[in-house]
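Written below as structure tokens is the structure these notes are about.
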Amino acid sequence: NEEVGKKELGVWNQWTYHSRLYAAARYVATQEKMNLVQLVSFGCGIDAITGDEMRSILEDGGKLYTQLKIDDISNLGAVKIRIRSLIAAIDARKANS
């Protein structure tokens, strides 16, 4: 979807790292065989703001948004479940298309 890359951000973007995140989300939103998983430390503060914007960009491109909070993870079982759920949701969307 070409319009995804042209849409204005819903936040004031002043940090290079976050600019890269938004650019990655825009790119992934235009790629048929690509998805994005955002790894965050806390999920609050700036992570919450970037997460909301990443979700908006990806959903505008018809993609699912997945965020994993990595600081709280001592057992990778939860991560595996989230990734499997993402894959199942992607497969279900394809089957319904």
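Just so we're on the same page: first chain in the structure tokens is A, next is B, and so on; residues restart at 1 for each chain, and ligands are numbered from 1 in the order they show up.
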*Residues at most 8 Å from Lys63 in chain A, counting only C-alpha atoms, excluding those fewer than 3 positions away in the same chain, as a ChimeraX atom specification?*
/A:29,35,58-60
Based on the selection just made, write N, CA and C atoms of those residues as a short mmCIF file (atom, residue, chain, number, x, y, z; two decimals), in the first residue's frame.
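What ended up in result10.cif:
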```cif
data_model
loop_
_atom_site.label_atom_id
_atom_site.label_comp_id
_atom_site.auth_asym_id
_atom_site.auth_seq_id
_atom_site.Cartn_x
_atom_site.Cartn_y
_atom_site.Cartn_z
N ALA A 29 5.15 -2.71 6.31
CA ALA A 29 3.73 -2.58 5.93
C ALA A 29 3.52 -2.70 4.42
N ASN A 35 6.82 -9.39 8.38
CA ASN A 35 6.12 -8.90 9.56
C ASN A 35 7.15 -8.34 10.52
N LEU A 58 1.60 -0.18 11.11
CA LEU A 58 1.45 -1.55 10.63
C LEU A 58 -0.01 -1.89 10.32
N GLU A 59 -0.92 -1.48 11.19
CA GLU A 59 -2.33 -1.78 10.94
C GLU A 59 -2.86 -1.05 9.72
N ASP A 60 -2.35 0.16 9.47
CA ASP A 60 -2.74 0.88 8.25
C ASP A 60 -2.30 0.12 7.01
#
```
*Give me the residues within 12 Å of Ala24 in chain A as a list of chain:residue names, counting only C-alpha atoms and dropping any in the same chain fewer than 4 places off.*
A:Val4, A:Gly5, A:Tyr17, A:His18, A:Ser19, A:Arg20, A:Val28, A:Ala29, A:Thr30, A:Gln31, A:Met34, A:Asn35, A:Leu36, A:Val37, A:Gln38, A:Glu53, A:Met54, A:Arg55, A:Ile57, A:Leu58
Keeping only N, CA, C and O atoms, take the residues you just selected and write them out as a short mmCIF file (atom, residue, chain, number, x, y, z; two decimals), in the first residue's frame.
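New file result-v7.cif:
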```
data_model
loop_
_atom_site.label_atom_id
_atom_site.label_comp_id
_atom_site.auth_asym_id
_atom_site.auth_seq_id
_atom_site.Cartn_x
_atom_site.Cartn_y
_atom_site.Cartn_z
N VAL A 4 0.65 4.07 2.84
CA VAL A 4 1.19 3.85 4.18
C VAL A 4 2.47 4.66 4.36
O VAL A 4 2.67 5.29 5.38
N GLY A 5 3.34 4.66 3.39
CA GLY A 5 4.60 5.38 3.50
C GLY A 5 4.45 6.88 3.46
O GLY A 5 5.35 7.60 3.89
N TYR A 17 16.66 6.91 16.67
CA TYR A 17 16.28 5.51 16.87
C TYR A 17 14.80 5.30 16.54
O TYR A 17 14.43 4.36 15.84
N HIS A 18 13.97 6.19 17.02
CA HIS A 18 12.54 6.04 16.77
C HIS A 18 12.20 6.29 15.30
O HIS A 18 11.31 5.66 14.75
N SER A 19 12.94 7.19 14.67
CA SER A 19 12.76 7.41 13.22
C SER A 19 13.01 6.11 12.47
O SER A 19 12.30 5.78 11.53
N ARG A 20 14.02 5.39 12.90
CA ARG A 20 14.33 4.10 12.26
C ARG A 20 13.23 3.08 12.50
O ARG A 20 12.90 2.29 11.61
N VAL A 28 7.91 -2.57 6.30
CA VAL A 28 7.28 -3.87 6.51
C VAL A 28 5.81 -3.84 6.07
O VAL A 28 5.31 -4.80 5.50
N ALA A 29 5.15 -2.71 6.31
CA ALA A 29 3.73 -2.58 5.93
C ALA A 29 3.52 -2.70 4.42
O ALA A 29 2.43 -3.01 3.97
N THR A 30 4.57 -2.50 3.64
CA THR A 30 4.45 -2.59 2.18
C THR A 30 4.93 -3.93 1.63
O THR A 30 4.83 -4.15 0.43
N GLN A 31 5.44 -4.80 2.49
CA GLN A 31 6.00 -6.07 2.05
C GLN A 31 5.06 -7.23 2.34
O GLN A 31 4.68 -7.45 3.50
N MET A 34 6.50 -10.11 4.92
CA MET A 34 7.30 -9.61 6.02
C MET A 34 6.38 -9.15 7.15
O MET A 34 5.29 -8.64 6.91
N ASN A 35 6.82 -9.39 8.38
CA ASN A 35 6.12 -8.90 9.56
C ASN A 35 7.15 -8.34 10.52
O ASN A 35 8.35 -8.55 10.34
N LEU A 36 6.70 -7.66 11.54
CA LEU A 36 7.59 -6.99 12.47
C LEU A 36 7.20 -7.34 13.90
O LEU A 36 6.02 -7.35 14.24
N VAL A 37 8.21 -7.63 14.71
CA VAL A 37 8.03 -7.82 16.14
C VAL A 37 8.91 -6.78 16.82
O VAL A 37 10.11 -6.73 16.58
N GLN A 38 8.32 -5.94 17.66
CA GLN A 38 9.08 -4.91 18.36
C GLN A 38 9.46 -5.41 19.75
O GLN A 38 8.61 -5.83 20.52
N GLU A 53 2.47 4.12 17.90
CA GLU A 53 2.70 4.60 16.53
C GLU A 53 3.05 3.45 15.59
O GLU A 53 2.58 3.40 14.46
N MET A 54 3.87 2.51 16.07
CA MET A 54 4.21 1.34 15.26
C MET A 54 2.95 0.54 14.93
O MET A 54 2.76 0.11 13.80
N ARG A 55 2.10 0.35 15.94
CA ARG A 55 0.84 -0.37 15.72
C ARG A 55 0.01 0.32 14.65
O ARG A 55 -0.51 -0.32 13.73
N ILE A 57 0.96 2.36 12.20
CA ILE A 57 1.60 2.24 10.89
C ILE A 57 1.35 0.85 10.31
O ILE A 57 0.95 0.69 9.15
N LEU A 58 1.60 -0.18 11.11
CA LEU A 58 1.45 -1.55 10.63
C LEU A 58 -0.01 -1.89 10.32
O LEU A 58 -0.30 -2.50 9.30
#
```
*Write down as a PyMOL selection string the residues of range 6-85 of chain A whose backbone DSSP state falls under strand (DSSP E).*
chain A and resi 37-40+66-69
*Got a sec: who's within 10 Å of Ile70 in chain A, counting only C-alpha atoms, leaving out chain neighbours fewer than 5 positions off, as a PyMOL selection string?*
chain A and resi 38-43+76+79
*DSSP on the backbone, then: every residue of chain A marked helix (DSSP H, G or I), written as an MDAnalysis selection string.*
chainID A and resid 2:6 16:29 46:60 77:96
Store the residues picked out above, limited to C-alpha atoms, as a short mmCIF file (atom, residue, chain, number, x, y, z; two decimals), in the first residue's frame.
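Here's the written file out_12.cif:
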```
data_model
loop_
_atom_site.label_atom_id
_atom_site.label_comp_id
_atom_site.auth_asym_id
_atom_site.auth_seq_id
_atom_site.Cartn_x
_atom_site.Cartn_y
_atom_site.Cartn_z
CA GLU A 2 1.80 3.14 -1.21
CA GLU A 3 -0.26 5.43 1.02
CA VAL A 4 1.19 3.85 4.18
CA GLY A 5 4.60 5.38 3.50
CA LYS A 6 3.12 8.83 2.85
CA THR A 16 16.94 8.95 15.37
CA TYR A 17 16.28 5.51 16.87
CA HIS A 18 12.54 6.04 16.77
CA SER A 19 12.76 7.41 13.22
CA ARG A 20 14.33 4.10 12.26
CA LEU A 21 11.56 2.15 14.00
CA TYR A 22 8.88 4.08 12.14
CA ALA A 23 10.73 3.67 8.83
CA ALA A 24 11.02 -0.07 9.45
CA ALA A 25 7.29 -0.30 10.20
CA ARG A 26 6.45 1.62 7.04
CA TYR A 27 8.67 -0.67 4.97
CA VAL A 28 7.28 -3.87 6.51
CA ALA A 29 3.73 -2.58 5.93
CA ILE A 46 8.69 6.30 25.22
CA ASP A 47 8.16 2.58 24.52
CA ALA A 48 4.41 3.12 24.88
CA ILE A 49 4.47 6.06 22.49
CA THR A 50 6.54 4.26 19.85
CA GLY A 51 4.48 1.12 20.32
CA ASP A 52 1.23 2.95 19.63
CA GLU A 53 2.70 4.60 16.53
CA MET A 54 4.21 1.34 15.26
CA ARG A 55 0.84 -0.37 15.72
CA SER A 56 -0.89 2.40 13.77
CA ILE A 57 1.60 2.24 10.89
CA LEU A 58 1.45 -1.55 10.63
CA GLU A 59 -2.33 -1.78 10.94
CA ASP A 60 -2.74 0.88 8.25
CA GLY A 77 8.29 -20.14 26.80
CA ALA A 78 6.15 -16.99 26.89
CA VAL A 79 8.06 -15.55 23.91
CA LYS A 80 7.58 -18.76 21.94
CA ILE A 81 3.84 -18.68 22.65
CA ARG A 82 3.56 -15.05 21.44
CA ILE A 83 5.51 -15.81 18.25
CA ARG A 84 3.44 -18.94 17.57
CA SER A 85 0.27 -16.90 18.11
CA LEU A 86 1.49 -14.28 15.63
CA ILE A 87 2.24 -16.97 13.03
CA ALA A 88 -1.19 -18.57 13.58
CA ALA A 89 -2.91 -15.18 13.20
CA ILE A 90 -0.99 -14.49 9.97
CA ASP A 91 -1.93 -17.93 8.63
CA ALA A 92 -5.59 -17.37 9.57
CA ARG A 93 -5.62 -14.04 7.72
CA LYS A 94 -4.18 -15.71 4.62
CA ALA A 95 -6.79 -18.47 4.78
CA ASN A 96 -9.60 -15.91 5.02
#
```
